[in-house]
>>> print(open('query.pdb').read())   # PDB, C-alpha atoms
ATOM      1  CA  MET A   1     140.586 114.572  52.125
ATOM      2  CA  SER A   2     141.665 110.934  51.834
ATOM      3  CA  TYR A   3     144.847 110.518  53.854
ATOM      4  CA  MET A   4     145.501 107.093  52.344
ATOM      5  CA  LYS A   5     145.315 108.631  48.872
ATOM      6  CA  GLU A   6     147.853 111.266  49.882
ATOM      7  CA  PHE A   7     150.156 108.491  51.050
ATOM      8  CA  MET A   8     149.692 106.154  48.084
ATOM      9  CA  LYS A   9     150.270 108.768  45.382
ATOM     10  CA  GLY A  10     153.967 108.935  46.224
ATOM     11  CA  LEU A  11     154.557 105.230  45.703
ATOM     12  CA  ILE A  12     153.941 104.963  41.948
ATOM     13  CA  LYS A  13     151.676 107.643  40.450
ATOM     14  CA  GLU A  14     153.704 110.632  41.683
ATOM     15  CA  ASN A  15     156.915 108.869  42.679
ATOM     16  CA  PRO A  16     159.417 111.695  43.201
ATOM     17  CA  THR A  17     162.315 109.830  41.577
ATOM     18  CA  LEU A  18     160.774 107.619  38.901
ATOM     19  CA  VAL A  19     157.990 109.972  37.743
ATOM     20  CA  SER A  20     159.004 113.514  38.701
ATOM     21  CA  LEU A  21     162.722 112.710  38.178
ATOM     22  CA  LEU A  22     163.785 114.535  41.342
ATOM     23  CA  GLY A  23     166.682 113.624  43.602
ATOM     24  CA  MET A  24     168.781 112.238  40.760
ATOM     25  CA  CYS A  25     172.162 112.987  42.394
ATOM     26  CA  PRO A  26     171.765 110.733  45.456
ATOM     27  CA  THR A  27     169.882 108.155  43.399
ATOM     28  CA  LEU A  28     172.824 107.697  41.046
ATOM     29  CA  ALA A  29     175.610 108.315  43.549
ATOM     30  CA  VAL A  30     174.790 106.109  46.542
ATOM     31  CA  THR A  31     172.915 103.196  44.950
ATOM     32  CA  VAL A  32     176.000 101.053  44.384
ATOM     33  CA  SER A  33     174.573  98.824  47.114
ATOM     34  CA  ALA A  34     171.128  98.092  48.509
ATOM     35  CA  SER A  35     172.155  98.954  52.074
ATOM     36  CA  ASN A  36     173.339 102.421  51.041
ATOM     37  CA  ALA A  37     170.089 102.941  49.127
ATOM     38  CA  VAL A  38     167.954 102.012  52.141
ATOM     39  CA  GLY A  39     170.063 104.198  54.420
ATOM     40  CA  MET A  40     169.625 107.252  52.207
ATOM     41  CA  GLY A  41     165.928 106.509  51.692
ATOM     42  CA  ALA A  42     165.282 106.120  55.433
ATOM     43  CA  ALA A  43     167.090 109.379  56.188
ATOM     44  CA  ALA A  44     165.080 111.240  53.547
ATOM     45  CA  LEU A  45     161.839 109.635  54.808
ATOM     46  CA  PHE A  46     162.463 110.834  58.365
ATOM     47  CA  VAL A  47     163.316 114.359  57.232
ATOM     48  CA  LEU A  48     160.309 114.511  54.892
ATOM     49  CA  VAL A  49     157.793 113.473  57.545
ATOM     50  CA  CYS A  50     159.199 115.668  60.305
ATOM     51  CA  SER A  51     159.784 118.767  58.181
ATOM     52  CA  ASN A  52     156.358 118.505  56.564
ATOM     53  CA  LEU A  53     154.735 118.279  59.995
ATOM     54  CA  VAL A  54     156.593 121.269  61.453
ATOM     55  CA  ILE A  55     156.163 123.434  58.352
ATOM     56  CA  SER A  56     152.445 122.677  58.257
ATOM     57  CA  LEU A  57     152.105 123.618  61.940
ATOM     58  CA  LEU A  58     154.025 126.878  61.436
ATOM     59  CA  LYS A  59     152.699 127.844  58.004
ATOM     60  CA  ASN A  60     150.564 130.674  59.397
ATOM     61  CA  PHE A  61     153.464 132.127  61.391
ATOM     62  CA  ILE A  62     156.195 132.112  58.726
ATOM     63  CA  PRO A  63     156.246 135.337  56.643
ATOM     64  CA  LYS A  64     156.012 134.684  52.922
ATOM     65  CA  GLN A  65     159.106 136.772  52.267
ATOM     66  CA  VAL A  66     161.349 134.373  54.228
ATOM     67  CA  ARG A  67     159.515 131.107  53.783
ATOM     68  CA  LEU A  68     162.267 129.307  51.827
ATOM     69  CA  PRO A  69     165.060 130.228  54.276
ATOM     70  CA  ALA A  70     162.750 129.181  57.119
ATOM     71  CA  TYR A  71     162.028 125.850  55.423
ATOM     72  CA  ILE A  72     165.746 125.220  54.919
ATOM     73  CA  VAL A  73     166.488 125.932  58.597
ATOM     74  CA  ILE A  74     163.755 123.495  59.690
ATOM     75  CA  ILE A  75     164.927 120.811  57.259
ATOM     76  CA  ALA A  76     168.576 121.319  58.253
ATOM     77  CA  GLY A  77     167.679 120.715  61.898
ATOM     78  CA  PHE A  78     166.221 117.290  61.144
ATOM     79  CA  VAL A  79     169.092 116.435  58.774
ATOM     80  CA  THR A  80     171.516 117.198  61.613
ATOM     81  CA  ILE A  81     169.598 114.841  63.912
ATOM     82  CA  VAL A  82     169.714 112.086  61.274
ATOM     83  CA  GLY A  83     173.430 112.653  60.772
ATOM     84  CA  PHE A  84     174.199 112.353  64.483
ATOM     85  CA  VAL A  85     172.087 109.191  64.844
ATOM     86  CA  MET A  86     173.619 107.488  61.813
ATOM     87  CA  GLN A  87     177.147 108.471  62.808
ATOM     88  CA  ARG A  88     176.592 106.927  66.250
ATOM     89  CA  PHE A  89     174.697 103.748  65.378
ATOM     90  CA  MET A  90     175.393 103.140  61.653
ATOM     91  CA  PRO A  91     178.906 104.464  61.020
ATOM     92  CA  ALA A  92     179.493 102.312  57.916
ATOM     93  CA  ILE A  93     176.422 103.673  56.118
ATOM     94  CA  TYR A  94     177.181 107.184  57.399
ATOM     95  CA  ASP A  95     180.646 107.015  55.830
ATOM     96  CA  ALA A  96     179.282 105.501  52.598
ATOM     97  CA  LEU A  97     176.685 108.254  52.141
ATOM     98  CA  GLY A  98     179.306 110.935  52.678
ATOM     99  CA  ILE A  99     178.411 114.440  51.521
ATOM    100  CA  PHE A 100     175.043 113.304  50.167
ATOM    101  CA  LEU A 101     173.628 112.951  53.683
ATOM    102  CA  PRO A 102     173.956 116.652  54.662
ATOM    103  CA  LEU A 103     172.884 117.604  51.133
ATOM    104  CA  ILE A 104     169.410 116.274  51.993
ATOM    105  CA  THR A 105     168.913 119.796  53.359
ATOM    106  CA  VAL A 106     168.603 121.192  49.835
ATOM    107  CA  ASN A 107     167.109 118.099  48.232
ATOM    108  CA  CYS A 108     164.501 119.289  45.735
ATOM    109  CA  ILE A 109     162.089 116.531  46.815
ATOM    110  CA  ILE A 110     161.946 117.802  50.401
ATOM    111  CA  LEU A 111     161.901 121.494  49.530
ATOM    112  CA  GLY A 112     159.305 120.816  46.842
ATOM    113  CA  ARG A 113     156.908 119.051  49.214
ATOM    114  CA  ALA A 114     157.384 121.785  51.799
ATOM    115  CA  GLU A 115     156.533 124.525  49.311
ATOM    116  CA  MET A 116     153.841 122.728  47.295
ATOM    117  CA  PHE A 117     152.039 120.720  49.977
ATOM    118  CA  ALA A 118     153.001 121.199  53.625
ATOM    119  CA  SER A 119     152.664 124.980  53.472
ATOM    120  CA  LYS A 120     149.101 124.678  52.156
ATOM    121  CA  ASN A 121     147.608 121.666  53.968
ATOM    122  CA  SER A 122     146.835 120.284  57.417
ATOM    123  CA  PRO A 123     149.523 118.618  59.578
ATOM    124  CA  LEU A 124     148.073 115.094  59.215
ATOM    125  CA  ALA A 125     147.754 115.383  55.437
ATOM    126  CA  SER A 126     151.302 116.747  55.281
ATOM    127  CA  VAL A 127     152.613 113.799  57.305
ATOM    128  CA  CYS A 128     150.859 111.356  54.955
ATOM    129  CA  ASP A 129     152.250 113.177  51.937
ATOM    130  CA  GLY A 130     155.779 113.168  53.352
ATOM    131  CA  ALA A 131     155.554 109.499  54.317
ATOM    132  CA  GLY A 132     154.297 108.493  50.867
ATOM    133  CA  MET A 133     156.966 110.486  49.045
ATOM    134  CA  GLY A 134     159.647 109.179  51.407
ATOM    135  CA  VAL A 135     158.608 105.551  50.992
ATOM    136  CA  GLY A 136     158.383 106.033  47.214
ATOM    137  CA  PHE A 137     161.885 107.523  47.171
ATOM    138  CA  THR A 138     163.193 104.660  49.314
ATOM    139  CA  LEU A 139     161.611 102.007  47.076
ATOM    140  CA  ALA A 140     163.072 103.649  43.977
ATOM    141  CA  MET A 141     166.509 103.780  45.599
ATOM    142  CA  LEU A 142     166.192 100.156  46.730
ATOM    143  CA  ALA A 143     165.189  98.952  43.252
ATOM    144  CA  VAL A 144     168.128 100.683  41.573
ATOM    145  CA  GLY A 145     170.569  99.736  44.324
ATOM    146  CA  SER A 146     169.511  96.088  44.351
ATOM    147  CA  VAL A 147     169.982  95.649  40.597
ATOM    148  CA  ARG A 148     173.347  97.402  40.630
ATOM    149  CA  GLU A 149     174.652  95.413  43.600
ATOM    150  CA  ILE A 150     173.415  92.026  42.362
ATOM    151  CA  PHE A 151     174.830  92.385  38.851
ATOM    152  CA  GLY A 152     177.826  94.521  39.792
ATOM    153  CA  CYS A 153     179.047  92.738  42.928
ATOM    154  CA  GLY A 154     177.164  89.432  43.008
ATOM    155  CA  THR A 155     175.714  90.258  46.424
ATOM    156  CA  TRP A 156     172.532  91.705  47.932
ATOM    157  CA  PHE A 157     172.817  93.499  51.271
ATOM    158  CA  ASP A 158     176.363  92.080  51.272
ATOM    159  CA  ILE A 159     174.988  88.509  51.088
ATOM    160  CA  PRO A 160     176.715  86.513  48.282
ATOM    161  CA  LEU A 161     174.246  85.503  45.571
ATOM    162  CA  ALA A 162     176.138  84.941  42.330
ATOM    163  CA  PRO A 163     177.532  81.447  41.745
ATOM    164  CA  GLU A 164     181.265  81.066  41.302
ATOM    165  CA  PHE A 165     181.038  80.672  37.528
ATOM    166  CA  LEU A 166     179.137  83.947  37.102
ATOM    167  CA  GLU A 167     181.487  86.895  36.990
ATOM    168  CA  PRO A 168     180.026  90.163  38.400
ATOM    169  CA  MET A 169     179.852  92.978  35.844
ATOM    170  CA  SER A 170     181.600  95.952  37.383
ATOM    171  CA  ILE A 171     179.998  98.350  34.900
ATOM    172  CA  PHE A 172     176.808  98.194  36.991
ATOM    173  CA  ILE A 173     178.527  99.895  39.932
ATOM    174  CA  MET A 174     179.972 102.575  37.672
ATOM    175  CA  PRO A 175     178.150 105.805  36.700
ATOM    176  CA  ALA A 176     177.185 104.419  33.283
ATOM    177  CA  GLY A 177     175.574 101.413  34.935
ATOM    178  CA  GLY A 178     173.661 103.679  37.283
ATOM    179  CA  PHE A 179     172.153 105.643  34.395
ATOM    180  CA  PHE A 180     171.281 102.425  32.548
ATOM    181  CA  VAL A 181     169.579 100.773  35.532
ATOM    182  CA  LEU A 182     167.702 103.948  36.458
ATOM    183  CA  GLY A 183     166.406 104.275  32.887
ATOM    184  CA  CYS A 184     165.233 100.660  32.886
ATOM    185  CA  VAL A 185     163.441 101.051  36.231
ATOM    186  CA  ILE A 186     161.738 104.266  35.036
ATOM    187  CA  ALA A 187     160.598 102.500  31.853
ATOM    188  CA  LEU A 188     159.231  99.595  33.899
ATOM    189  CA  VAL A 189     157.293 101.934  36.199
ATOM    190  CA  ASN A 190     155.838 103.781  33.190
ATOM    191  CA  LYS A 191     154.753 100.430  31.753
ATOM    192  CA  ILE A 192     153.128  99.323  35.007
ATOM    193  CA  SER A 193     151.346 102.638  35.532
ATOM    194  CA  GLY A 194     150.125 102.682  31.917
ATOM    195  CA  LYS A 195     151.766 106.031  31.206
ATOM    196  CA  LYS A 196     152.008 106.677  27.468
ATOM    197  CA  PRO A 197     154.444 108.969  25.638
ATOM    198  CA  PRO A 198     153.019 112.303  24.434
ATOM    199  CA  ALA A 199     151.399 112.278  20.999
ATOM    200  CA  ALA A 200     153.417 115.355  20.033
ATOM    201  CA  THR A 201     156.811 116.666  21.118
ATOM    202  CA  GLY A 202     158.681 119.938  20.924
ATOM    203  CA  CYS A 203     156.767 123.090  19.978
ATOM    204  CA  ALA A 204     153.744 121.064  18.875
ATOM    205  CA  ALA A 205     153.232 119.840  22.459
ATOM    206  CA  CYS A 206     153.642 123.268  24.062
ATOM    207  CA  PRO A 207     150.367 124.744  25.424
ATOM    208  CA  ASN A 208     151.694 128.277  24.755
ATOM    209  CA  ARG A 209     152.761 127.672  21.167
ATOM    210  CA  GLU A 210     150.211 130.104  19.700
ATOM    211  CA  GLY A 211     151.756 133.112  21.424
ATOM    212  CA  CYS A 212     155.362 131.933  21.416
ATOM    213  CA  ILE A 213     157.742 133.936  19.199
ATOM    214  CA  SER A 214     160.091 130.974  18.734
ATOM    215  CA  CYS A 215     157.285 128.650  17.643
ATOM    216  CA  SER A 216     155.856 131.261  15.281
ATOM    217  CA  SER A 217     159.261 131.894  13.725
ATOM    218  CA  GLY A 218     159.846 128.170  13.312
ATOM    219  CA  SER A 219     156.470 127.685  11.660
ATOM    220  CA  ALA A 220     157.038 130.601   9.290
ATOM    221  CA  ALA A 221     160.462 129.294   8.316
ATOM    222  CA  LYS A 222     159.026 125.844   7.670
ATOM    223  CA  GLU A 223     156.276 127.262   5.441
ATOM    224  CA  GLY A 224     158.883 129.290   3.532
ATOM    225  CA  ASP A 225     160.961 126.182   2.852
ATOM    226  CA  GLU A 226     157.924 124.432   1.470
TER     227      GLU A 226
END
>>> encode(input="query.pdb", output="structure tokens")
Amino acid sequence: MSYMKEFMKGLIKENPTLVSLLGMCPTLAVTVSASNAVGMGAAALFVLVCSNLVISLLKNFIPKQVRLPAYIVIIAGFVTIVGFVMQRFMPAIYDALGIFLPLITVNCIILGRAEMFASKNSPLASVCDGAGMGVGFTLAMLAVGSVREIFGCGTWFDIPLAPEFLEPMSIFIMPAGGFFVLGCVIALVNKISGKKPPAATGCAACPNREGCISCSSGSAAKEGDE
């Protein structure tokens, strides 16, 4: 197994936010500034790496019937550590992240990597996977947060950038601006990675369309109209 490959896949090819479209709530909610984005990304990175490591080490001792509750308890422990550290040393970011910091416990990115990867692979591979996904999540958050802060506030990491004659556009720090910037960043990543839209959509693109009652009914109705 190539550990570097496991790390690199999370940056672009399998980026949890820009490709898998996971973790949308914190991505849209806390990216009004680059510093908030980095704070959330760093917290998620720490929890991903540590929880993946522990879950991989304990995978043979956790009964399958209680694996998800066990994963949540492990993840919650590391989220609590992050919360205490940020509250002590970075109170401004801790206050800005608000409820979204403890909600890392049930973040679908972290639970997904625990269930899909850490519970099936070696500790070192799981650490590389968690680090790659965490860095990819942080970069996605930073990209969205930087654009929103620069155009919405005229600053970047609270450093003034916009000249006096350029009025910041407050729509970029509003929910509508978050959706717009996120869509643009996703489109840019798809362009860079060479990802193309599917040739067919809807029922035509479904691999189970032959045995699907809905697809069959739709096809029959279409033939009747003709």
>>> closest_atom_pairs(input="query.pdb", of="stretch 122-144 of chain A", to="stretch 36-45 of chain A", cutoff="9 Å", atoms="all atoms listed in the file", output="tab-separated table")
residue	atom	partner	partner_atom	distance
A:Gly130	CA	A:Leu45	CA	7.2
A:Ala131	CA	A:Leu45	CA	6.3
A:Gly132	CA	A:Leu45	CA	8.6
A:Met133	CA	A:Leu45	CA	7.6
A:Gly134	CA	A:Leu45	CA	4.1
A:Val135	CA	A:Leu45	CA	6.5
A:Gly136	CA	A:Gly41	CA	8.8
A:Phe137	CA	A:Gly41	CA	6.1
A:Thr138	CA	A:Gly41	CA	4.1
A:Leu139	CA	A:Gly41	CA	7.8
A:Ala140	CA	A:Gly41	CA	8.7
A:Met141	CA	A:Ala37	CA	5.1
A:Leu142	CA	A:Ala37	CA	5.4
A:Ala143	CA	A:Ala37	CA	8.6
A:Val144	CA	A:Ala37	CA	8.1
>>> write_last_selection(input="query.pdb", atoms="C-alpha atoms", output="JSON list (two decimals), in the coordinates of the input")
[["chain", "number", "residue", "atom", "x", "y", "z"],
["A", 130, "GLY", "CA", 155.78, 113.17, 53.35],
["A", 131, "ALA", "CA", 155.55, 109.50, 54.32],
["A", 132, "GLY", "CA", 154.30, 108.49, 50.87],
["A", 133, "MET", "CA", 156.97, 110.49, 49.04],
["A", 134, "GLY", "CA", 159.65, 109.18, 51.41],
["A", 135, "VAL", "CA", 158.61, 105.55, 50.99],
["A", 136, "GLY", "CA", 158.38, 106.03, 47.21],
["A", 137, "PHE", "CA", 161.88, 107.52, 47.17],
["A", 138, "THR", "CA", 163.19, 104.66, 49.31],
["A", 139, "LEU", "CA", 161.61, 102.01, 47.08],
["A", 140, "ALA", "CA", 163.07, 103.65, 43.98],
["A", 141, "MET", "CA", 166.51, 103.78, 45.60],
["A", 142, "LEU", "CA", 166.19, 100.16, 46.73],
["A", 143, "ALA", "CA", 165.19, 98.95, 43.25],
["A", 144, "VAL", "CA", 168.13, 100.68, 41.57]]
>>> resolve_selection(input="query.pdb", expression="the PyMOL selection byres ((chain A and resi 91-94) around 12)", output="PDB file with C-alpha atoms, keeping the file's coordinate frame")
ATOM      1  CA  VAL A  30     174.790 106.109  46.542  1.00  0.00           C
ATOM      2  CA  THR A  31     172.915 103.196  44.950  1.00  0.00           C
ATOM      3  CA  SER A  33     174.573  98.824  47.114  1.00  0.00           C
ATOM      4  CA  ALA A  34     171.128  98.092  48.509  1.00  0.00           C
ATOM      5  CA  SER A  35     172.155  98.954  52.074  1.00  0.00           C
ATOM      6  CA  ASN A  36     173.339 102.421  51.041  1.00  0.00           C
ATOM      7  CA  ALA A  37     170.089 102.941  49.127  1.00  0.00           C
ATOM      8  CA  VAL A  38     167.954 102.012  52.141  1.00  0.00           C
ATOM      9  CA  GLY A  39     170.063 104.198  54.420  1.00  0.00           C
ATOM     10  CA  MET A  40     169.625 107.252  52.207  1.00  0.00           C
ATOM     11  CA  GLY A  41     165.928 106.509  51.692  1.00  0.00           C
ATOM     12  CA  ALA A  42     165.282 106.120  55.433  1.00  0.00           C
ATOM     13  CA  ALA A  43     167.090 109.379  56.188  1.00  0.00           C
ATOM     14  CA  VAL A  82     169.714 112.086  61.274  1.00  0.00           C
ATOM     15  CA  GLY A  83     173.430 112.653  60.772  1.00  0.00           C
ATOM     16  CA  PHE A  84     174.199 112.353  64.483  1.00  0.00           C
ATOM     17  CA  VAL A  85     172.087 109.191  64.844  1.00  0.00           C
ATOM     18  CA  MET A  86     173.619 107.488  61.813  1.00  0.00           C
ATOM     19  CA  GLN A  87     177.147 108.471  62.808  1.00  0.00           C
ATOM     20  CA  ARG A  88     176.592 106.927  66.250  1.00  0.00           C
ATOM     21  CA  PHE A  89     174.697 103.748  65.378  1.00  0.00           C
ATOM     22  CA  MET A  90     175.393 103.140  61.653  1.00  0.00           C
ATOM     23  CA  ASP A  95     180.646 107.015  55.830  1.00  0.00           C
ATOM     24  CA  ALA A  96     179.282 105.501  52.598  1.00  0.00           C
ATOM     25  CA  LEU A  97     176.685 108.254  52.141  1.00  0.00           C
ATOM     26  CA  GLY A  98     179.306 110.935  52.678  1.00  0.00           C
ATOM     27  CA  ILE A  99     178.411 114.440  51.521  1.00  0.00           C
ATOM     28  CA  PHE A 100     175.043 113.304  50.167  1.00  0.00           C
ATOM     29  CA  LEU A 101     173.628 112.951  53.683  1.00  0.00           C
ATOM     30  CA  PRO A 102     173.956 116.652  54.662  1.00  0.00           C
ATOM     31  CA  PHE A 157     172.817  93.499  51.271  1.00  0.00           C
TER      32      PHE A 157
END
>>> resolve_selection(input="query.pdb", expression="the PyMOL selection byres ((chain A and resi 8) around 10)", output="number ranges by chain")
A: 3-7, 9-15, 128-129, 131-133, 135-136
>>> closest_residue(input="query.pdb", among="A:Leu48, A:Arg67, A:Ser146, A:Gly178", to="A:Ile159", atoms="only C-alpha atoms")
A:Ser146
>>> atom_distance(input="query.pdb", atom1="atom CA of A:Leu57", atom2="atom CA of A:Thr17")
26.6 Å
>>> atom_distance(input="query.pdb", atom1="atom CA of A:Val19", atom2="atom CA of A:Trp156")
25.5 Å
>>> atom_distance(input="query.pdb", atom1="atom CA of A:Glu167", atom2="atom CA of A:Thr27")
25.1 Å
>>> closest_residue(input="query.pdb", among="A:Ala114, A:Ile109, A:Val181, A:Val147", to="A:Leu21", atoms="all atoms listed in the file")
A:Ile109
